[in-house]
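Asker: Data: final24.cif, mmCIF, C-alpha atoms and all ligand atoms.
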```
data_work
#
loop_
_atom_site.label_atom_id
_atom_site.label_comp_id
_atom_site.auth_asym_id
_atom_site.auth_seq_id
_atom_site.Cartn_x
_atom_site.Cartn_y
_atom_site.Cartn_z
CA ALA Q 171 35.30 12.48 -12.57
CA PRO Q 172 32.57 12.98 -15.17
CA THR Q 173 32.11 16.48 -16.59
CA PRO Q 174 28.82 18.24 -15.78
CA SER Q 175 27.38 17.39 -19.21
CA GLU Q 176 28.38 13.74 -18.82
CA SER Q 177 26.74 13.70 -15.39
CA GLU Q 178 23.56 15.04 -16.94
CA THR Q 179 23.59 12.35 -19.58
CA ILE Q 180 24.15 9.66 -16.95
CA ALA Q 181 21.32 11.06 -14.84
CA ASP Q 182 19.06 11.09 -17.92
CA LEU Q 183 19.95 7.51 -18.74
CA LYS Q 184 19.38 6.42 -15.15
CA GLU Q 185 15.98 8.07 -15.21
CA ARG Q 186 15.15 6.36 -18.48
CA ILE Q 187 16.32 2.98 -17.18
CA ALA Q 188 14.27 3.41 -14.01
CA GLU Q 189 11.25 4.35 -16.10
CA LEU Q 190 11.67 1.28 -18.28
CA GLU Q 191 12.14 -0.89 -15.20
CA PHE Q 192 8.93 0.52 -13.81
CA GLN Q 193 7.04 -0.14 -17.03
CA LEU Q 194 8.46 -3.65 -17.13
CA ALA Q 195 7.46 -4.21 -13.52
CA VAL Q 196 3.94 -3.07 -14.27
CA ALA Q 197 3.75 -5.36 -17.29
CA ARG Q 198 5.06 -8.27 -15.21
CA LYS Q 199 2.47 -7.60 -12.53
CA GLN Q 200 -0.35 -7.52 -15.03
CA LEU Q 201 0.89 -10.85 -16.37
CA ALA Q 202 1.20 -12.28 -12.86
CA ASN Q 203 -2.31 -11.08 -12.03
CA GLY Q 204 -3.57 -12.79 -15.15
CA SER Q 205 -5.07 -9.52 -16.32
CA GLY Q 206 -4.40 -9.70 -19.98
CA ASP Q 207 -6.00 -6.32 -20.49
CA SER Q 208 -3.95 -3.26 -21.21
CA ALA Q 209 -5.44 -1.08 -18.50
CA PRO Q 210 -3.41 2.10 -18.10
CA VAL Q 211 -1.47 2.61 -14.89
CA THR Q 212 -3.47 5.73 -14.07
CA SER Q 213 -7.16 6.60 -14.37
CA PRO Q 214 -9.16 3.92 -12.56
CA ALA Q 215 -12.74 3.43 -13.68
CA PRO Q 216 -14.87 6.50 -12.89
CA THR Q 217 -17.33 4.30 -11.00
CA ALA Q 218 -14.64 2.97 -8.65
CA PRO Q 219 -15.90 2.80 -5.06
CA ALA Q 220 -14.56 5.29 -2.55
CA VAL Q 221 -11.83 4.16 -0.19
CA PRO Q 222 -12.32 5.63 3.28
CA PRO Q 223 -9.16 7.08 4.80
CA PRO Q 224 -7.45 4.81 7.33
CA ALA Q 225 -6.49 6.09 10.78
CA ILE Q 226 -3.17 7.88 10.32
CA GLU Q 227 -1.03 9.25 13.12
CA ASN Q 228 0.85 12.25 11.68
CA ILE Q 229 4.19 12.49 13.51
CA VAL Q 230 5.98 14.66 10.93
CA ALA Q 231 6.45 17.57 13.34
CA GLN Q 232 7.75 15.35 16.14
CA LEU Q 233 10.54 13.76 14.10
CA PRO Q 234 14.10 15.07 13.94
CA HIS Q 235 14.84 17.28 10.93
CA HIS Q 236 18.19 18.55 9.69
CA PRO Q 237 18.94 22.09 10.92
CA THR Q 238 19.90 23.36 7.46
CA VAL Q 239 19.32 20.70 4.77
CA GLN Q 240 15.74 20.69 3.47
CA TYR Q 241 13.84 18.38 1.13
CA PRO Q 242 12.33 19.94 -2.02
CA THR Q 243 8.55 20.13 -2.28
CA ARG Q 244 6.08 19.22 -5.01
CA THR Q 245 2.42 19.22 -5.85
CA VAL Q 246 0.57 15.99 -5.05
CA SER Q 247 -0.43 15.68 -8.72
CA GLU Q 248 3.22 14.88 -9.54
CA ILE Q 249 2.97 11.56 -7.67
CA LYS Q 250 2.72 8.56 -10.01
CA MET Q 251 3.89 5.68 -7.84
CA VAL Q 252 3.65 4.15 -4.39
CA VAL Q 253 6.96 2.50 -3.49
CA VAL Q 254 6.88 -0.21 -0.82
CA HIS Q 255 9.86 -0.53 1.52
CA HIS Q 256 10.82 -2.43 4.64
CA THR Q 257 12.85 -0.74 7.36
CA GLY Q 258 15.29 -3.65 7.12
CA VAL Q 259 15.82 -3.62 10.87
CA SER Q 260 13.98 -4.89 13.93
CA PRO Q 261 10.34 -3.71 13.93
CA THR Q 262 10.97 -2.21 17.37
CA ILE Q 263 13.20 0.48 15.80
CA THR Q 264 11.03 3.61 15.77
CA ALA Q 265 10.53 6.30 13.14
CA ARG Q 266 12.29 8.71 15.49
CA GLU Q 267 15.37 6.48 15.66
CA ILE Q 268 15.43 6.08 11.88
CA ALA Q 269 15.02 9.84 11.39
CA GLU Q 270 17.83 10.54 13.86
CA PHE Q 271 20.11 8.20 11.93
CA ARG Q 272 19.25 9.82 8.60
CA VAL Q 273 19.82 13.33 9.90
CA GLN Q 274 22.90 12.72 12.03
CA LYS Q 275 24.73 9.97 10.14
CA ASN Q 276 23.53 10.39 6.54
CA ASN Q 277 23.13 14.18 6.65
CA TRP Q 278 19.67 13.86 5.09
CA ALA Q 279 16.96 16.48 5.60
CA GLY Q 280 14.90 13.96 7.55
CA ILE Q 281 13.47 10.47 7.41
CA GLY Q 282 13.24 9.00 3.89
CA PHE Q 283 9.81 7.41 3.56
CA HIS Q 284 6.38 9.05 3.95
CA PHE Q 285 4.54 6.39 5.96
CA LEU Q 286 5.54 3.69 8.42
CA VAL Q 287 3.27 0.71 9.12
CA LEU Q 288 3.95 -0.88 12.51
CA PRO Q 289 3.47 -4.58 13.42
CA ASP Q 290 0.22 -3.76 15.28
CA GLY Q 291 -1.13 -2.03 12.17
CA THR Q 292 -0.60 1.53 13.38
CA ILE Q 293 0.04 3.86 10.45
CA GLN Q 294 2.40 6.77 11.06
CA GLN Q 295 2.87 9.58 8.56
CA THR Q 296 6.52 10.64 8.64
CA ASN Q 297 6.67 13.10 5.70
CA GLU Q 298 3.97 15.21 4.07
CA LEU Q 299 2.92 14.05 0.59
CA THR Q 300 4.21 17.35 -0.79
CA THR Q 301 7.71 16.59 0.49
CA VAL Q 302 10.15 15.09 -2.03
CA SER Q 303 11.93 12.92 0.52
CA ARG Q 304 14.67 10.44 -0.17
CA HIS Q 305 13.61 6.82 -0.64
CA ALA Q 306 13.45 5.91 -4.33
CA GLY Q 307 16.68 7.04 -5.96
CA ASP Q 308 15.95 8.99 -9.12
CA GLN Q 309 12.21 8.68 -8.62
CA ASN Q 310 11.68 10.50 -5.36
CA ARG Q 311 9.77 13.33 -7.02
CA GLU Q 312 7.11 11.08 -8.53
CA SER Q 313 6.70 8.64 -5.67
CA VAL Q 314 5.41 8.13 -2.14
CA GLY Q 315 7.33 5.78 0.15
CA VAL Q 316 5.41 3.36 2.38
CA SER Q 317 7.67 1.41 4.72
CA PHE Q 318 6.76 -1.69 6.71
CA ALA Q 319 8.57 -1.96 10.04
CA GLY Q 320 10.74 -5.08 10.08
CA ASN Q 321 13.31 -6.99 8.09
CA PHE Q 322 11.60 -9.20 5.54
CA ASN Q 323 14.63 -11.02 4.27
CA THR Q 324 13.33 -13.50 6.83
CA GLY Q 325 9.70 -13.56 7.97
CA SER Q 326 6.81 -11.47 6.72
CA PRO Q 327 4.81 -8.49 7.95
CA THR Q 328 2.08 -9.30 10.48
CA ALA Q 329 -1.47 -9.84 9.22
CA GLN Q 330 -2.39 -6.51 10.82
CA GLN Q 331 0.47 -4.79 9.01
CA ILE Q 332 -0.71 -6.23 5.68
CA ALA Q 333 -4.33 -5.27 6.38
CA GLN Q 334 -3.61 -1.70 7.44
CA GLY Q 335 -0.80 -1.21 4.92
CA GLY Q 336 -3.21 -2.44 2.24
CA HIS Q 337 -5.84 0.03 3.37
CA LEU Q 338 -3.30 2.87 3.36
CA ILE Q 339 -2.00 2.05 -0.12
CA ALA Q 340 -5.52 1.63 -1.54
CA TRP Q 341 -6.47 5.00 -0.10
CA LEU Q 342 -3.31 6.61 -1.54
CA LEU Q 343 -3.90 5.07 -4.98
CA ARG Q 344 -7.52 6.22 -5.04
CA THR Q 345 -6.69 9.69 -3.71
CA LEU Q 346 -3.83 10.11 -6.19
CA ASN Q 347 -5.91 8.71 -9.06
CA LEU Q 348 -3.56 5.76 -9.64
CA SER Q 349 -4.30 2.08 -10.22
CA ILE Q 350 -2.88 -1.00 -8.49
CA GLY Q 351 -0.09 -1.18 -11.09
CA ALA Q 352 1.40 1.98 -9.58
CA MET Q 353 2.29 0.06 -6.41
CA VAL Q 354 5.82 -1.32 -6.72
CA GLY Q 355 8.38 -2.86 -4.41
CA HIS Q 356 11.50 -0.72 -4.07
CA LYS Q 357 13.53 -3.44 -5.80
CA ALA Q 358 11.43 -3.07 -8.96
CA ILE Q 359 12.85 0.41 -9.54
CA ALA Q 360 16.31 0.22 -8.00
CA SER Q 361 19.16 -2.14 -7.30
CA THR Q 362 18.27 -2.98 -3.70
CA PRO Q 363 17.06 -6.01 -1.71
CA CYS Q 364 14.29 -3.77 -0.24
CA PRO Q 365 11.52 -4.67 0.73
CA GLY Q 366 13.27 -7.97 1.49
CA THR Q 367 13.66 -11.36 -0.17
CA GLN Q 368 10.28 -12.52 1.21
CA TRP Q 369 8.55 -9.82 -0.87
CA ASP Q 370 8.80 -11.84 -4.06
CA SER Q 371 10.07 -15.24 -2.98
CA GLY Q 372 9.38 -17.48 0.03
CA SER Q 373 6.22 -16.07 1.63
CA ARG Q 374 5.75 -13.65 -1.31
CA TRP Q 375 4.01 -11.09 0.85
CA GLN Q 376 3.60 -8.77 -2.10
CA ASN Q 377 0.70 -11.04 -3.11
CA SER Q 378 -1.03 -10.70 0.27
CA LEU Q 379 -0.51 -6.96 0.19
CA ARG Q 380 -1.84 -6.62 -3.33
CA GLN Q 381 -4.90 -8.67 -2.35
CA ALA Q 382 -5.50 -6.39 0.63
CA VAL Q 383 -5.18 -3.32 -1.59
CA ASN Q 384 -7.52 -4.80 -4.21
CA ARG Q 385 -10.15 -5.61 -1.58
CA TRP Q 386 -10.30 -1.92 -0.68
CA LEU Q 387 -10.20 -0.77 -4.30
CA SER Q 388 -13.07 -3.08 -5.22
CA GLY Q 389 -15.11 -2.01 -2.20
CA SER Q 390 -15.17 -5.53 -0.73
CA ALA Q 391 -12.81 -4.89 2.19
CA GLN Q 392 -14.13 -5.70 5.64
CA PRO Q 393 -13.17 -3.86 8.79
CA THR Q 394 -10.21 -5.69 10.33
CA VAL Q 395 -12.13 -6.15 13.59
CA PRO Q 396 -15.79 -7.17 13.16
CA ALA Q 397 -18.18 -4.60 14.63
CA THR Q 398 -19.90 -7.35 16.64
CA ASP Q 399 -16.65 -8.30 18.37
CA THR Q 400 -16.68 -6.34 21.60
CA THR Q 401 -13.82 -8.30 23.20
CA PRO Q 402 -11.10 -5.80 24.00
CA VAL Q 403 -7.97 -6.88 22.15
CA GLN Q 404 -5.76 -4.23 23.75
CA PRO Q 405 -4.56 -4.87 27.29
CA PRO Q 406 -5.16 -2.06 29.76
CA PRO Q 407 -2.59 0.75 29.43
CA SER Q 408 -1.30 0.03 32.93
CA SER Q 409 0.19 -3.25 31.72
CA ALA Q 410 2.52 -1.99 28.98
CA LYS Q 411 3.90 -5.00 27.13
CA THR Q 412 7.44 -5.22 25.88
CA ILE Q 413 6.91 -8.33 23.73
CA PHE Q 414 4.38 -8.43 20.91
CA HIS Q 415 3.81 -12.18 20.70
CA TYR Q 416 5.15 -15.02 22.86
CA LEU Q 417 4.87 -18.69 21.90
CA LEU Q 418 4.73 -20.55 25.21
CA LEU Q 419 5.85 -24.18 25.00
CA GLY Q 420 5.18 -26.85 27.60
CA SER Q 421 8.71 -28.11 27.04
CA ALA Q 422 11.57 -27.14 24.77
CA THR Q 423 11.00 -30.24 22.64
CA ASP Q 424 7.56 -28.88 21.65
CA GLN Q 425 9.38 -26.34 19.51
CA SER Q 426 9.73 -28.90 16.72
CA LEU Q 427 5.91 -28.88 16.39
CA ALA Q 428 5.97 -25.18 15.59
CA THR Q 429 8.92 -24.92 13.19
CA ASN Q 430 6.88 -23.52 10.31
CA TYR Q 431 4.71 -21.34 12.54
CA ILE Q 432 7.81 -19.79 14.13
CA ALA Q 433 9.44 -19.22 10.74
CA LYS Q 434 6.30 -17.53 9.48
CA PHE Q 435 5.34 -15.28 12.41
CA GLN Q 436 8.63 -15.02 14.32
CA PRO Q 437 7.17 -14.84 17.84
CA THR Q 438 9.38 -14.84 20.91
CA VAL Q 439 9.65 -18.55 21.76
CA GLY Q 440 10.22 -20.13 25.16
CA THR Q 441 8.97 -22.10 28.16
CA ASP Q 442 9.05 -19.16 30.59
CA ALA Q 443 5.53 -18.19 31.71
CA GLY Q 444 6.99 -15.18 33.55
CA GLN Q 445 8.48 -13.84 30.34
CA ALA Q 446 5.25 -14.60 28.50
CA GLN Q 447 3.46 -12.19 30.87
CA GLN Q 448 5.37 -9.37 29.15
CA ALA Q 449 3.68 -10.16 25.83
CA ARG Q 450 0.54 -8.62 24.34
CA TYR Q 451 -0.32 -11.96 22.76
CA VAL Q 452 0.54 -15.42 24.02
CA THR Q 453 0.05 -18.63 22.08
CA ILE Q 454 0.22 -21.71 24.31
CA VAL Q 455 1.26 -24.86 22.45
CA GLY Q 456 -0.28 -28.14 23.63
CA SER Q 457 -1.82 -29.12 26.95
CA THR Q 458 1.25 -29.26 29.17
CA VAL Q 459 1.01 -25.63 30.28
CA SER Q 460 -1.54 -25.62 33.12
CA ALA Q 461 -4.91 -23.86 33.11
CA ALA Q 462 -3.73 -21.95 36.20
CA THR Q 463 -0.80 -20.53 34.22
CA GLU Q 464 -3.14 -19.63 31.40
CA GLN Q 465 -5.41 -17.83 33.86
CA LYS Q 466 -2.46 -15.96 35.33
CA LEU Q 467 -1.44 -14.74 31.87
CA ARG Q 468 -4.95 -13.47 31.23
CA ALA Q 469 -4.96 -11.72 34.57
CA ALA Q 470 -1.71 -10.03 33.56
CA GLY Q 471 -3.48 -8.53 30.57
CA CYS Q 472 -2.18 -10.90 27.90
CA ASN Q 473 -4.39 -12.00 25.02
CA VAL Q 474 -4.04 -15.76 25.36
CA GLU Q 475 -4.85 -18.49 22.88
CA ARG Q 476 -4.12 -22.19 23.27
CA VAL Q 477 -3.37 -24.37 20.27
CA ALA Q 478 -3.95 -27.93 21.42
CA GLY Q 479 -4.82 -31.28 19.87
CA ASN Q 480 -5.17 -34.99 20.59
CA SER Q 481 -1.61 -35.72 19.55
CA PRO Q 482 1.64 -33.91 18.81
CA LEU Q 483 0.98 -34.60 15.12
CA ALA Q 484 -2.43 -32.95 15.35
CA ILE Q 485 -0.94 -29.88 17.03
CA ARG Q 486 1.74 -29.70 14.40
CA ALA Q 487 -0.80 -29.97 11.59
CA LEU Q 488 -2.82 -27.14 13.14
CA LEU Q 489 0.22 -24.89 13.51
CA ASP Q 490 1.40 -25.71 9.98
CA ASN Q 491 -2.00 -24.80 8.65
CA MET Q 492 -1.99 -21.48 10.51
CA ALA Q 493 1.44 -20.72 9.07
CA ARG Q 494 0.33 -21.66 5.57
CA THR Q 495 -2.83 -19.56 5.71
CA GLY Q 496 -1.18 -16.61 7.43
CA ARG Q 497 -3.32 -16.88 10.58
CA ARG Q 498 -1.19 -15.95 13.54
CA PHE Q 499 -4.20 -16.50 15.82
CA LEU Q 500 -7.39 -18.53 15.60
CA THR Q 501 -9.48 -16.32 17.86
CA PHE Q 502 -8.08 -12.79 17.66
CA GLN Q 503 -9.35 -10.96 14.61
CA GLY Q 504 -7.22 -8.66 12.57
CA VAL Q 505 -3.87 -9.41 14.16
ZN ZN T 1 13.45 0.68 0.19
#
```
Rewrite the structure of this file - the entire thing - as structure tokens.
Answerer:
Amino acid sequence: APTPSESETIADLKERIAELEFQLAVARKQLANGSGDSAPVTSPAPTAPAVPPPAIENIVAQLPHHPTVQYPTRTVSEIKMVVVHHTGVSPTITAREIAEFRVQKNNWAGIGFHFLVLPDGTIQQTNELTTVSRHAGDQNRESVGVSFAGNFNTGSPTAQQIAQGGHLIAWLLRTLNLSIGAMVGHKAIASTPCPGTQWDSGSRWQNSLRQAVNRWLSGSAQPTVPATDTTPVQPPPSSAKTIFHYLLLGSATDQSLATNYIAKFQPTVGTDAGQAQQARYVTIVGSTVSAATEQKLRAAGCNVERVAGNSPLAIRALLDNMARTGRRFLTFQGV
């Protein structure tokens, strides 16, 4: 076992390595963004537009905490980084379940990250900003953890998750007086696959997230749901849905038309209209599913959209295009 002084040296070196990795990551990002300038990581322009706070549900007090172990605290001015995570598990796993696991199995003081962004765009605060919680190895003290619910080794966050997560991160950066370069994926500062392989390969959702953040920072962000759109997107509370999004096929062979769409958005897929009734959103593929079935789904409180075309090839082209452009729906805004 290392002696205490050796441990200190190792800790120092680890800190230094992490710092260098961070600086390298920032430099890489600036290169990737094509911004050849040497803008510092902190101190955005004094004329930068304000970022309004997003809706945040603070559930800190409702989450399990360790009876004796406590996280250290800090001043908010110590925060220099926003670290993006994924939960790495099904998006249906709640903050409470994650906190329970951390407390009971890992013997942590509580949940690791500070914010959780759910597939429907709900933002939950799970630790106070002044809490030095456990999510970024040696850099917990100087960072805030924002986790996206889901496992993004396959698939990507929903459009709503990107939009709301982008708003949250932009607001944090502006509030903490940091620039976009201070947003890093967990893997940029530690040896971890988090926030998933799709973060920086495949769908490269870090790009979509950075765009969403930049839209807020530049003051050009639009509300995710246009003010003129009065169509209620949420089903009535009486019809609680257990499935987020169901892709309803006329026949099982239609699935080949939606290969890329399914890979991108990972809906529940099937030919069962009864099961589809349990979904908040239903995408009907093609014209085989009857108008009566469609009406029944609407009556059950589902948000229904039909993707149809003159030929299977046309339907496939439409679905491929939606996958490519990240549009889960054609008619529902901000999902
Ligand atoms: Zn992580």
Asker: Determine, counting all atoms listed in the file, which protein, DNA and RNA residues have an atom within 10 Å of an atom of Tyr451 (chain Q); residues of the same chain fewer than 5 positions away are not included. Present the result as a list in words.
Answerer: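 These residues fall inside the cut-off: Val403, Gln404, Pro405, Lys411, Ile413, Phe414, His415, Tyr416, Leu417, Pro437, Ala446, Leu467, Arg468, Gly471, Cys472, Asn473, Val474, Glu475, Phe499, Phe502 and Val505 of chain Q.
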Asker: Please return as a compact mmCIF listing (two decimals) with C-alpha atoms, in the coordinates of the input the residues found within 6 Å of ligand ZN 1 (chain T), counting only C-alpha atoms and all ligand atoms.
Answerer:
```txt
# COMPACT_ATOMS: atom_id res chain seq x y z
CA HIS Q 255 9.86 -0.53 1.52
CA HIS Q 356 11.50 -0.72 -4.07
CA CYS Q 364 14.29 -3.77 -0.24
CA PRO Q 365 11.52 -4.67 0.73
```
Asker: For region 302-317 of chain Q, please output as a count of residues only all residues within 7 Å (counting all atoms listed in the file; exclusion window: fewer than 4 positions along the same chain).
Answerer: 22
Asker: Please provide the set of residues having any atom within 8 Å of region 319-330 of chain Q, restricted to all atoms listed in the file, with same-chain residues fewer than 5 positions apart removed, written as a ChimeraX atom specification.
Answerer: /Q:256-263,286-291,365-369,373,375,394,433-436,496-498,504-505
Asker: As an exercise, work out the distance from CA of Glu227 (chain Q) to CA of Ala265 (chain Q) in Å and give it to one decimal place.
Answerer: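 So the answer is 11.9 Å.
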Asker: When you draw a straight line from CA of Ala461 (chain Q) to CA of Arg476 (chain Q), how long is it in Å?
Answerer: 10.0 Å
Asker: When you look at Ala478 (chain Q) with a cut-off of 10 Å (counting all atoms listed in the file), what residues show up, excluding the ones that are within fewer than 2 positions of it in the same chain? I need them as a list of chain:residue names.
Answerer: Q:Ile454, Q:Val455, Q:Gly456, Q:Ser457, Q:Thr458, Q:Glu475, Q:Arg476, Q:Asn480, Q:Ser481, Q:Pro482, Q:Ala484, Q:Ile485, Q:Arg486, Q:Leu488, Q:Leu489
Asker: Could you please determine the separation between CA of Arg272 (chain Q) and CA of Val230 (chain Q) in Å, to one decimal place?
Answerer: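 Computed distance, CA of Arg272 (chain Q) to CA of Val230 (chain Q), equals 14.3 Å.
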Asker: Could you write out as AutoDock Vina command-line options the box around region 426-438 of chain Q (axis-aligned, all atoms listed in the file, 5 Å on each side), with centre and edge lengths in Å to one decimal?
Answerer:
```
--center_x 7.2 --center_y -21.9 --center_z 15.2 --size_x 15.0 --size_y 24.1 --size_z 21.4
```
Asker: Counting all atoms listed in the file, what is within 8 Å of Ile229 (chain Q), bar same-chain residues fewer than 4 positions away, as a PyMOL selection string?
Answerer: chain Q and resi 233+294-296
Asker: Would you please work out which residue, of Q:Leu299, Q:Leu379, Q:Pro363, Q:Asp370, is nearest to Gln331 (chain Q) when using all atoms listed in the file?
Answerer: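 Residue with the minimum atom-to-atom distance to Gln331 (chain Q): Q:Leu379.
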